[in-house]
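Asker: Next comes the structure file run-v1.pdb, holding PDB, C-alpha atoms.
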ATOM      1  CA  MET B   1      -3.685 -24.133   3.298
ATOM      2  CA  VAL B   2      -2.510 -20.634   4.212
ATOM      3  CA  ILE B   3      -0.328 -19.836   7.220
ATOM      4  CA  LEU B   4      -1.665 -16.956   9.294
ATOM      5  CA  ASP B   5       1.685 -15.247   9.800
ATOM      6  CA  GLY B   6       1.404 -13.276  13.021
ATOM      7  CA  LYS B   7       5.024 -12.173  12.927
ATOM      8  CA  ALA B   8       4.800 -10.607   9.475
ATOM      9  CA  THR B   9       1.464  -8.995  10.301
ATOM     10  CA  SER B  10       2.716  -7.615  13.615
ATOM     11  CA  ASP B  11       5.847  -6.241  11.922
ATOM     12  CA  LYS B  12       3.630  -4.371   9.472
ATOM     13  CA  ILE B  13       1.548  -2.893  12.315
ATOM     14  CA  LYS B  14       4.692  -1.924  14.236
ATOM     15  CA  LEU B  15       5.866   0.100  11.242
ATOM     16  CA  GLU B  16       2.516   1.895  11.175
ATOM     17  CA  ILE B  17       2.722   2.644  14.903
ATOM     18  CA  ALA B  18       6.337   3.819  14.621
ATOM     19  CA  GLN B  19       5.336   6.284  11.903
ATOM     20  CA  MET B  20       2.489   7.648  14.044
ATOM     21  CA  VAL B  21       4.825   8.028  17.025
ATOM     22  CA  LYS B  22       7.390   9.821  14.847
ATOM     23  CA  GLU B  23       4.765  12.272  13.606
ATOM     24  CA  ARG B  24       3.455  12.755  17.136
ATOM     25  CA  VAL B  25       6.892  13.591  18.555
ATOM     26  CA  GLU B  26       7.807  15.848  15.623
ATOM     27  CA  ALA B  27       4.595  17.794  16.282
ATOM     28  CA  GLY B  28       5.707  18.403  19.867
ATOM     29  CA  GLY B  29       3.759  15.574  21.450
ATOM     30  CA  LYS B  30       4.930  13.288  24.226
ATOM     31  CA  ARG B  31       6.452   9.902  23.431
ATOM     32  CA  PRO B  32       4.024   7.146  24.620
ATOM     33  CA  HIS B  33       5.212   5.457  27.801
ATOM     34  CA  LEU B  34       4.367   1.898  28.872
ATOM     35  CA  ALA B  35       5.180   0.687  32.387
ATOM     36  CA  ALA B  36       5.265  -2.991  33.355
ATOM     37  CA  ILE B  37       5.327  -4.616  36.792
ATOM     38  CA  LEU B  38       7.010  -8.015  37.106
ATOM     39  CA  VAL B  39       6.777  -9.889  40.406
ATOM     40  CA  GLY B  40       9.011 -12.908  41.039
ATOM     41  CA  ASN B  41      11.239 -14.875  38.667
ATOM     42  CA  ASP B  42       8.873 -16.879  36.466
ATOM     43  CA  GLY B  43      10.815 -17.688  33.301
ATOM     44  CA  ALA B  44       7.909 -17.416  30.876
ATOM     45  CA  SER B  45       6.817 -14.086  32.393
ATOM     46  CA  GLN B  46      10.326 -12.681  32.127
ATOM     47  CA  THR B  47      10.515 -13.742  28.478
ATOM     48  CA  TYR B  48       7.132 -12.182  27.715
ATOM     49  CA  VAL B  49       8.011  -8.897  29.419
ATOM     50  CA  GLY B  50      11.273  -8.866  27.461
ATOM     51  CA  HIS B  51       9.286  -9.147  24.222
ATOM     52  CA  LYS B  52       7.159  -6.176  25.302
ATOM     53  CA  GLU B  53      10.227  -4.072  26.065
ATOM     54  CA  ARG B  54      11.725  -4.832  22.642
ATOM     55  CA  ALA B  55       8.434  -3.989  20.923
ATOM     56  CA  CYS B  56       8.330  -0.639  22.738
ATOM     57  CA  SER B  57      11.815   0.153  21.472
ATOM     58  CA  GLN B  58      10.888  -0.840  17.918
ATOM     59  CA  VAL B  59       7.876   1.483  17.752
ATOM     60  CA  GLY B  60       9.510   4.401  19.559
ATOM     61  CA  PHE B  61       7.779   4.101  22.939
ATOM     62  CA  LYS B  62       9.401   4.771  26.270
ATOM     63  CA  SER B  63       9.194   1.727  28.547
ATOM     64  CA  THR B  64       9.836   1.190  32.245
ATOM     65  CA  LEU B  65      10.066  -2.177  33.989
ATOM     66  CA  HIS B  66       9.424  -2.386  37.735
ATOM     67  CA  ARG B  67      10.803  -5.661  39.150
ATOM     68  CA  PHE B  68       9.864  -6.890  42.608
ATOM     69  CA  PRO B  69      10.641 -10.020  44.613
ATOM     70  CA  ALA B  70       8.008 -12.726  44.889
ATOM     71  CA  GLU B  71       7.662 -11.896  48.597
ATOM     72  CA  ILE B  72       6.203  -8.423  47.993
ATOM     73  CA  THR B  73       3.037  -7.851  50.019
ATOM     74  CA  GLN B  74      -0.382  -7.034  48.625
ATOM     75  CA  ASP B  75      -0.363  -3.575  50.228
ATOM     76  CA  GLU B  76       3.094  -2.780  48.856
ATOM     77  CA  LEU B  77       2.108  -3.772  45.328
ATOM     78  CA  ILE B  78      -1.145  -1.804  45.439
ATOM     79  CA  GLU B  79       0.733   1.277  46.670
ATOM     80  CA  ILE B  80       3.161   1.035  43.738
ATOM     81  CA  ILE B  81       0.237   0.775  41.314
ATOM     82  CA  HIS B  82      -1.348   3.880  42.827
ATOM     83  CA  GLU B  83       1.937   5.773  42.378
ATOM     84  CA  ILE B  84       2.060   4.793  38.697
ATOM     85  CA  ASN B  85      -1.596   5.764  38.289
ATOM     86  CA  GLU B  86      -0.681   9.269  39.484
ATOM     87  CA  ASN B  87       2.357   9.566  37.209
ATOM     88  CA  ASP B  88       1.230  11.659  34.231
ATOM     89  CA  ASP B  89       4.241  10.628  32.162
ATOM     90  CA  ILE B  90       3.052   7.000  32.084
ATOM     91  CA  ASP B  91       0.258   6.257  29.607
ATOM     92  CA  GLY B  92      -0.180   2.509  30.050
ATOM     93  CA  LEU B  93       0.404   0.033  32.869
ATOM     94  CA  ILE B  94       0.516  -3.745  32.771
ATOM     95  CA  VAL B  95       0.978  -6.138  35.659
ATOM     96  CA  GLN B  96       2.438  -9.366  34.328
ATOM     97  CA  LEU B  97       0.328 -12.394  35.261
ATOM     98  CA  PRO B  98       0.309 -14.859  36.895
ATOM     99  CA  LEU B  99       1.235 -13.378  40.266
ATOM    100  CA  PRO B 100       2.534 -15.361  43.257
ATOM    101  CA  ALA B 101      -0.241 -17.266  45.031
ATOM    102  CA  HIS B 102      -0.387 -14.973  48.071
ATOM    103  CA  LEU B 103      -1.363 -11.973  45.936
ATOM    104  CA  ASP B 104      -4.981 -11.280  44.947
ATOM    105  CA  GLU B 105      -4.943 -10.822  41.164
ATOM    106  CA  ASP B 106      -8.446  -9.359  41.075
ATOM    107  CA  ALA B 107      -7.555  -6.710  43.662
ATOM    108  CA  VAL B 108      -4.385  -5.867  41.762
ATOM    109  CA  ILE B 109      -6.214  -5.480  38.452
ATOM    110  CA  ASN B 110      -8.935  -3.396  40.085
ATOM    111  CA  ALA B 111      -6.274  -1.032  41.468
ATOM    112  CA  ILE B 112      -5.088  -0.064  37.971
ATOM    113  CA  ASP B 113      -6.488   3.180  36.571
ATOM    114  CA  PRO B 114      -8.932   2.036  33.830
ATOM    115  CA  CYS B 115      -7.504   4.765  31.571
ATOM    116  CA  LYS B 116      -4.060   3.117  31.851
ATOM    117  CA  ASP B 117      -5.305  -0.482  31.742
ATOM    118  CA  VAL B 118      -3.853  -1.332  28.336
ATOM    119  CA  ASP B 119      -4.243  -5.068  29.075
ATOM    120  CA  GLY B 120      -8.024  -4.504  29.073
ATOM    121  CA  PHE B 121      -8.588  -6.513  32.260
ATOM    122  CA  HIS B 122     -10.175  -3.874  34.524
ATOM    123  CA  PRO B 123     -13.909  -4.538  35.148
ATOM    124  CA  MET B 124     -14.785  -1.117  33.716
ATOM    125  CA  ASN B 125     -13.079  -1.949  30.421
ATOM    126  CA  VAL B 126     -14.473  -5.485  30.402
ATOM    127  CA  GLY B 127     -17.970  -4.030  30.833
ATOM    128  CA  LYS B 128     -17.494  -1.602  27.953
ATOM    129  CA  MET B 129     -16.172  -4.409  25.761
ATOM    130  CA  THR B 130     -19.209  -6.543  26.572
ATOM    131  CA  LEU B 131     -21.505  -3.709  25.494
ATOM    132  CA  GLY B 132     -19.533  -3.077  22.326
ATOM    133  CA  LEU B 133     -18.375   0.348  23.500
ATOM    134  CA  PRO B 134     -14.941   1.805  22.651
ATOM    135  CA  THR B 135     -12.346   0.640  25.175
ATOM    136  CA  PHE B 136      -9.051  -1.210  25.569
ATOM    137  CA  LEU B 137      -9.563  -4.750  24.304
ATOM    138  CA  PRO B 138      -7.588  -7.624  25.870
ATOM    139  CA  ALA B 139      -4.427  -7.988  23.826
ATOM    140  CA  THR B 140      -4.730 -11.614  22.697
ATOM    141  CA  PRO B 141      -8.377 -11.448  21.535
ATOM    142  CA  TYR B 142      -7.636  -8.082  19.913
ATOM    143  CA  GLY B 143      -4.647  -9.576  18.111
ATOM    144  CA  ILE B 144      -6.684 -12.525  16.852
ATOM    145  CA  LEU B 145      -9.381 -10.233  15.469
ATOM    146  CA  ARG B 146      -6.757  -8.140  13.703
ATOM    147  CA  LEU B 147      -5.113 -11.241  12.217
ATOM    148  CA  LEU B 148      -8.451 -12.518  10.877
ATOM    149  CA  SER B 149      -9.142  -9.077   9.428
ATOM    150  CA  GLU B 150      -5.720  -8.717   7.797
ATOM    151  CA  TYR B 151      -6.203 -12.030   5.970
ATOM    152  CA  GLY B 152      -9.756 -11.173   4.925
ATOM    153  CA  ILE B 153     -11.284 -14.168   6.697
ATOM    154  CA  GLU B 154     -15.074 -14.015   6.654
ATOM    155  CA  THR B 155     -16.658 -14.381  10.093
ATOM    156  CA  LYS B 156     -20.217 -13.213   9.488
ATOM    157  CA  GLY B 157     -22.634 -16.085  10.016
ATOM    158  CA  LYS B 158     -19.810 -18.552  10.662
ATOM    159  CA  HIS B 159     -19.798 -21.056  13.510
ATOM    160  CA  CYS B 160     -16.808 -20.402  15.763
ATOM    161  CA  VAL B 161     -15.872 -22.942  18.426
ATOM    162  CA  ILE B 162     -13.611 -21.596  21.167
ATOM    163  CA  ILE B 163     -11.887 -24.176  23.349
ATOM    164  CA  GLY B 164     -11.119 -22.520  26.677
ATOM    165  CA  ARG B 165     -13.048 -20.106  28.888
ATOM    166  CA  SER B 166     -10.400 -17.954  30.568
ATOM    167  CA  ASN B 167     -11.040 -14.291  31.321
ATOM    168  CA  ILE B 168      -7.928 -13.460  29.303
ATOM    169  CA  VAL B 169      -8.809 -15.187  26.006
ATOM    170  CA  GLY B 170     -11.825 -17.483  25.737
ATOM    171  CA  ARG B 171     -14.611 -15.470  27.310
ATOM    172  CA  PRO B 172     -13.711 -12.022  25.905
ATOM    173  CA  LEU B 173     -13.105 -13.509  22.458
ATOM    174  CA  ALA B 174     -16.510 -15.192  22.512
ATOM    175  CA  ASN B 175     -18.094 -11.855  23.302
ATOM    176  CA  LEU B 176     -16.197  -9.950  20.616
ATOM    177  CA  LEU B 177     -16.898 -12.473  17.869
ATOM    178  CA  SER B 178     -20.608 -12.473  18.688
ATOM    179  CA  LEU B 179     -20.907  -8.679  18.390
ATOM    180  CA  LYS B 180     -22.401  -7.072  15.294
ATOM    181  CA  ASP B 181     -19.028  -6.082  13.895
ATOM    182  CA  ASP B 182     -16.328  -7.124  11.441
ATOM    183  CA  PRO B 183     -14.737  -9.407  12.479
ATOM    184  CA  GLY B 184     -17.809 -10.605  14.328
ATOM    185  CA  ASP B 185     -21.379 -11.716  13.707
ATOM    186  CA  CYS B 186     -20.330 -15.289  14.517
ATOM    187  CA  THR B 187     -22.386 -18.013  16.124
ATOM    188  CA  VAL B 188     -20.094 -18.858  19.037
ATOM    189  CA  THR B 189     -19.793 -22.069  21.032
ATOM    190  CA  ILE B 190     -17.509 -22.206  24.072
ATOM    191  CA  CYS B 191     -16.084 -25.611  24.971
ATOM    192  CA  HIS B 192     -14.030 -26.391  28.067
ATOM    193  CA  SER B 193     -12.696 -29.171  30.283
ATOM    194  CA  HIS B 194     -16.208 -30.351  31.219
ATOM    195  CA  THR B 195     -17.629 -30.324  27.684
ATOM    196  CA  LYS B 196     -18.744 -33.829  26.728
ATOM    197  CA  ASN B 197     -18.033 -35.134  23.225
ATOM    198  CA  ILE B 198     -16.051 -32.031  22.307
ATOM    199  CA  GLU B 199     -15.401 -33.489  18.851
ATOM    200  CA  PHE B 200     -19.111 -33.112  18.091
ATOM    201  CA  PHE B 201     -18.722 -29.346  18.298
ATOM    202  CA  THR B 202     -15.293 -28.949  16.697
ATOM    203  CA  ARG B 203     -16.284 -30.978  13.620
ATOM    204  CA  GLN B 204     -19.108 -28.497  12.976
ATOM    205  CA  ALA B 205     -16.895 -25.432  13.306
ATOM    206  CA  ASP B 206     -15.974 -23.069  10.496
ATOM    207  CA  ILE B 207     -13.435 -21.493  12.856
ATOM    208  CA  ILE B 208     -11.702 -23.194  15.791
ATOM    209  CA  ILE B 209      -9.810 -21.156  18.365
ATOM    210  CA  ALA B 210      -7.857 -23.351  20.774
ATOM    211  CA  ALA B 211      -6.881 -21.644  24.038
ATOM    212  CA  LEU B 212      -6.692 -24.279  26.755
ATOM    213  CA  GLY B 213      -2.960 -24.797  27.328
ATOM    214  CA  SER B 214      -2.877 -28.500  26.448
ATOM    215  CA  PRO B 215      -0.203 -29.327  23.832
ATOM    216  CA  GLY B 216      -1.534 -31.066  20.724
ATOM    217  CA  PHE B 217      -5.087 -31.325  22.061
ATOM    218  CA  VAL B 218      -6.814 -30.624  18.737
ATOM    219  CA  LYS B 219      -6.182 -33.537  16.346
ATOM    220  CA  GLY B 220      -6.880 -33.869  12.648
ATOM    221  CA  ASP B 221      -9.938 -36.095  13.178
ATOM    222  CA  MET B 222     -11.555 -33.304  15.252
ATOM    223  CA  VAL B 223     -11.531 -30.824  12.373
ATOM    224  CA  ARG B 224     -13.609 -30.573   9.233
ATOM    225  CA  GLU B 225     -12.106 -29.830   5.817
ATOM    226  CA  GLY B 226     -11.574 -26.114   5.184
ATOM    227  CA  ALA B 227     -11.779 -24.959   8.787
ATOM    228  CA  VAL B 228      -9.872 -21.892   9.990
ATOM    229  CA  ILE B 229      -7.617 -22.806  12.914
ATOM    230  CA  VAL B 230      -6.262 -20.314  15.450
ATOM    231  CA  ASP B 231      -3.862 -21.817  17.990
ATOM    232  CA  VAL B 232      -3.480 -19.648  21.106
ATOM    233  CA  GLY B 233      -1.715 -22.265  23.213
ATOM    234  CA  ILE B 234       1.995 -22.070  23.874
ATOM    235  CA  THR B 235       3.584 -24.579  26.245
ATOM    236  CA  ARG B 236       7.256 -25.179  26.997
ATOM    237  CA  VAL B 237       8.154 -28.848  26.573
ATOM    238  CA  ALA B 238      11.567 -30.186  27.572
ATOM    239  CA  ASP B 239      13.772 -30.960  24.547
ATOM    240  CA  SER B 240      17.433 -31.809  25.046
ATOM    241  CA  THR B 241      18.141 -31.293  21.337
ATOM    242  CA  LYS B 242      17.398 -27.577  21.659
ATOM    243  CA  LYS B 243      20.019 -25.089  22.838
ATOM    244  CA  ASN B 244      17.626 -23.595  25.393
ATOM    245  CA  GLY B 245      16.492 -27.033  26.577
ATOM    246  CA  TYR B 246      12.874 -26.750  25.464
ATOM    247  CA  ARG B 247      10.565 -26.341  22.492
ATOM    248  CA  LEU B 248       7.242 -24.568  22.178
ATOM    249  CA  LEU B 249       4.058 -26.460  21.359
ATOM    250  CA  GLY B 250       0.574 -25.170  20.651
ATOM    251  CA  ASP B 251      -2.812 -26.643  21.518
ATOM    252  CA  VAL B 252      -3.201 -27.868  17.933
ATOM    253  CA  ASP B 253      -1.440 -30.924  16.511
ATOM    254  CA  PHE B 254      -0.144 -29.037  13.489
ATOM    255  CA  GLU B 255       0.967 -32.096  11.517
ATOM    256  CA  THR B 256      -2.493 -33.687  11.405
ATOM    257  CA  VAL B 257      -4.625 -30.530  11.397
ATOM    258  CA  ALA B 258      -2.824 -28.313   8.862
ATOM    259  CA  PRO B 259      -3.588 -30.522   5.814
ATOM    260  CA  LYS B 260      -7.324 -30.114   6.472
ATOM    261  CA  ALA B 261      -7.277 -26.386   7.327
ATOM    262  CA  SER B 262      -7.880 -23.482   4.965
ATOM    263  CA  TYR B 263      -5.942 -21.159   7.285
ATOM    264  CA  ILE B 264      -3.872 -21.980  10.372
ATOM    265  CA  THR B 265      -1.604 -20.131  12.800
ATOM    266  CA  PRO B 266       1.847 -21.539  13.578
ATOM    267  CA  VAL B 267       3.349 -21.854  17.064
ATOM    268  CA  PRO B 268       5.463 -19.884  17.590
ATOM    269  CA  GLY B 269       4.952 -16.972  15.200
ATOM    270  CA  GLY B 270       1.166 -16.843  15.103
ATOM    271  CA  VAL B 271      -0.918 -15.362  17.905
ATOM    272  CA  GLY B 272       2.020 -14.450  20.183
ATOM    273  CA  PRO B 273       3.409 -11.554  18.110
ATOM    274  CA  MET B 274      -0.140 -10.248  17.577
ATOM    275  CA  THR B 275      -0.677 -10.126  21.341
ATOM    276  CA  ILE B 276       2.427  -7.975  21.792
ATOM    277  CA  VAL B 277       1.591  -5.564  18.983
ATOM    278  CA  SER B 278      -1.992  -5.188  20.250
ATOM    279  CA  LEU B 279      -0.561  -4.009  23.545
ATOM    280  CA  MET B 280       1.376  -1.375  21.582
ATOM    281  CA  VAL B 281      -1.836  -0.301  19.821
ATOM    282  CA  ASN B 282      -3.596   0.071  23.176
ATOM    283  CA  THR B 283      -0.730   2.097  24.629
ATOM    284  CA  LEU B 284      -0.788   4.500  21.694
ATOM    285  CA  LYS B 285      -4.551   4.768  22.121
ATOM    286  CA  ALA B 286      -4.069   5.588  25.823
ATOM    287  CA  ALA B 287      -1.595   8.328  24.955
ATOM    288  CA  GLU B 288      -3.928   9.785  22.339
ATOM    289  CA  CYS B 289      -6.889   9.749  24.739
ATOM    290  CA  LYS B 290      -4.839  11.664  27.317
ATOM    291  CA  LYS B 291      -3.851  14.178  24.649
ATOM    292  CA  ARG B 292      -7.496  14.939  23.856
ATOM    293  CA  LYS B 293      -8.442  15.582  27.490
TER     294      LYS B 293
END
Using C-alpha cells, write down the structure that the file contains.
Answerer:
Amino acid sequence: MVILDGKATSDKIKLEIAQMVKERVEAGGKRPHLAAILVGNDGASQTYVGHKERACSQVGFKSTLHRFPAEITQDELIEIIHEINENDDIDGLIVQLPLPAHLDEDAVINAIDPCKDVDGFHPMNVGKMTLGLPTFLPATPYGILRLLSEYGIETKGKHCVIIGRSNIVGRPLANLLSLKDDPGDCTVTICHSHTKNIEFFTRQADIIIAALGSPGFVKGDMVREGAVIVDVGITRVADSTKKNGYRLLGDVDFETVAPKASYITPVPGGVGPMTIVSLMVNTLKAAECKKRK
C-alpha cells in the first residue's frame, strides 16, 4: 500500500511555480495577483482562505483578501466583484463558498469574469471543460488528476466509481476522467445518496473517489483488493483530546480500507494540499494568458 502524499507533491509543484514567478518578475513581468472574497465568519472557510494566502506567499504571488460581514447584500457583493473584474492588477478571483443563505451563489459565480475565474466554476469554463477545451479546471478535480499523474497511476480503461455528485468535485471529476486524456479514458460510475446497493458498484471499482462529506462512509468490506482510493472528504469532528478541540476525518475508514488498497490518500495531507496548489497553477495561468493578450 502506497500513501498518495498530497503535501509532498504540492510542495514540489509550489517550488516549480515559485521558480516560474521568479523568472517572470526578473524579466520585467508582473507578479501574479490572487484576490479572495470571504463573507461571514465560517471557521472552515476562514481556515481554507488562510491556507490560500500562505500558498500565495510561498510561490511569490501577491494576494488580497476582501472580508465582508454576513449581512452584505447581493447587489453590494456583485458590485464588488465587478470592481475586481475591472482591476487589471488582479489576475484571479475566488469567492469562498458556501455563502450565507440569503445570497445567490449562482449569480455570484456568474458575475466573475471567466478570465479571472481561477476556481473554474463559471458556466463558460465549465462548458469548455466538458468539451475538453483548455480552461481553468476546478481546483479539487484538477489536484486529484495531478496526484494520480505524479504517482503514475494508470487510468486508461479502468473503472472509476465516484461517490458524490457535487458541481465542485463529483460531476466535473466524472467528466474529466471520462475524457480521452491522461489521466482519463476511465469508465466512470457516479454514486450518490439515492444509489441503491452502493457496495455493488464500489466492489467493482479499480479507483474509488469518495466526495460525499460523510466521515468513514467507505468501509473495508466495500473495497476490492488493490483498489486505488482517493478520499476527498474532510469533516471536523469534536475531540476534547486535541488542542483545537476537533480532529479531521475523511469519507474513507482508513483503518479498514488501507490494508486492501494499492494506493490511498490520507486525511489530512492528501487531496487538500493539491486543491490549494491547483488554485496557484490556475492563477499563474491567468496571469500568463493576460500577458499574451
Asker: Using only C-alpha atoms, can you tell me which of B:Tyr246, B:Phe200, B:Phe61, B:Tyr263 comes closest to Ile229 (chain B)?
Answerer: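 Under the stated criterion, the closest residue is B:Tyr263.
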Asker: Nearest to Val95 (chain B) among B:Gly60, B:Pro266, B:Pro172, B:Gly40, with distances taken over all atoms listed in the file: which residue is it?
Answerer: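 Distance minimum relative to Val95 (chain B) lands on B:Gly40.
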Asker: Applied to this file, what does the PyMOL selection byres ((chain B and resi 130) around 12) return in terms of residues, put as a list in words?
Answerer: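 When the PyMOL selection byres ((chain B and resi 130) around 12) is applied to the shown file, the picked residues are Gly120, Pro123, Met124, Asn125, Val126, Gly127, Lys128, Met129, Leu131, Gly132, Leu133, Pro134, Thr135, Phe136, Leu137, Pro138, Arg171, Pro172, Leu173, Ala174, Asn175, Leu176, Leu177, Ser178, Leu179 and Lys180 of chain B.
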Asker: Do you know which residues are at most 12 Å from Ser57 (chain B) counting only C-alpha atoms, after dropping those on the same chain fewer than 6 positions away, and could you put them as a list in words?
Answerer: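 Using only C-alpha atoms, the neighbours found are Lys14, Leu15, Ile17, Ala18, Val21, Arg31, Pro32, His33, Leu34, Gly50, His51, Ser63, Thr64, Val277 and Met280 of chain B.
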Asker: For the PyMOL selection byres ((chain B and resi 220) around 12), applied here, can you spell out every residue it catches as a list in words?
Answerer: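 After applying the PyMOL selection byres ((chain B and resi 220) around 12), what remains is Glu199, Thr202, Arg203, Gly216, Phe217, Val218, Lys219, Asp221, Met222, Val223, Arg224, Glu225, Gly226, Ala227, Ile229, Val252, Asp253, Phe254, Glu255, Thr256, Val257, Ala258, Pro259, Lys260 and Ala261 of chain B.
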Asker: Take the PyMOL selection byres ((chain B and resi 249) around 8), apply it to the structure above, and return the hits as JSON, numbers by chain.
Answerer: {"B": [215, 216, 233, 234, 235, 236, 237, 247, 248, 250, 251, 267, 268]}
Asker: Next, the residues of the selection above should be written as a PDB file, keeping the file's coordinate frame with C-alpha atoms.
Answerer:
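Saved the output as result.pdb:
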ATOM      1  CA  PRO B 215      -0.203 -29.327  23.832  1.00  0.00           C
ATOM      2  CA  GLY B 216      -1.534 -31.066  20.724  1.00  0.00           C
ATOM      3  CA  GLY B 233      -1.715 -22.265  23.213  1.00  0.00           C
ATOM      4  CA  ILE B 234       1.995 -22.070  23.874  1.00  0.00           C
ATOM      5  CA  THR B 235       3.584 -24.579  26.245  1.00  0.00           C
ATOM      6  CA  ARG B 236       7.256 -25.179  26.997  1.00  0.00           C
ATOM      7  CA  VAL B 237       8.154 -28.848  26.573  1.00  0.00           C
ATOM      8  CA  ARG B 247      10.565 -26.341  22.492  1.00  0.00           C
ATOM      9  CA  LEU B 248       7.242 -24.568  22.178  1.00  0.00           C
ATOM     10  CA  GLY B 250       0.574 -25.170  20.651  1.00  0.00           C
ATOM     11  CA  ASP B 251      -2.812 -26.643  21.518  1.00  0.00           C
ATOM     12  CA  VAL B 267       3.349 -21.854  17.064  1.00  0.00           C
ATOM     13  CA  PRO B 268       5.463 -19.884  17.590  1.00  0.00           C
TER      14      PRO B 268
END
Asker: Considering all atoms listed in the file, return as a PyMOL selection string whatever protein or nucleic-acid residues lie within 10 Å of Phe201 (chain B), sequence-local ones (same chain, fewer than 5 positions apart) excluded.
Answerer: chain B and resi 159-163+189-191+195-196+208+222-223
Asker: Ranking B:Ala287, B:Leu77, B:Val271, B:Ala238 by minimum distance to Gly6 (chain B) and counting only C-alpha atoms, which one comes first?
Answerer: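 Residue with the minimum atom-to-atom distance to Gly6 (chain B): B:Val271.
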Asker: Could you name the residues that touch Ala101 (chain B) at 12 Å or less, counting all atoms listed in the file, but leaving out those on the same chain fewer than 5 positions away, as a ChimeraX atom specification?
Answerer: /B:39-40,70-74
Asker: Nearest to Val49 (chain B) among B:Leu97, B:Leu4, B:Met20, B:Ala107, with distances taken over all atoms listed in the file: which residue is it?
Answerer: B:Leu97
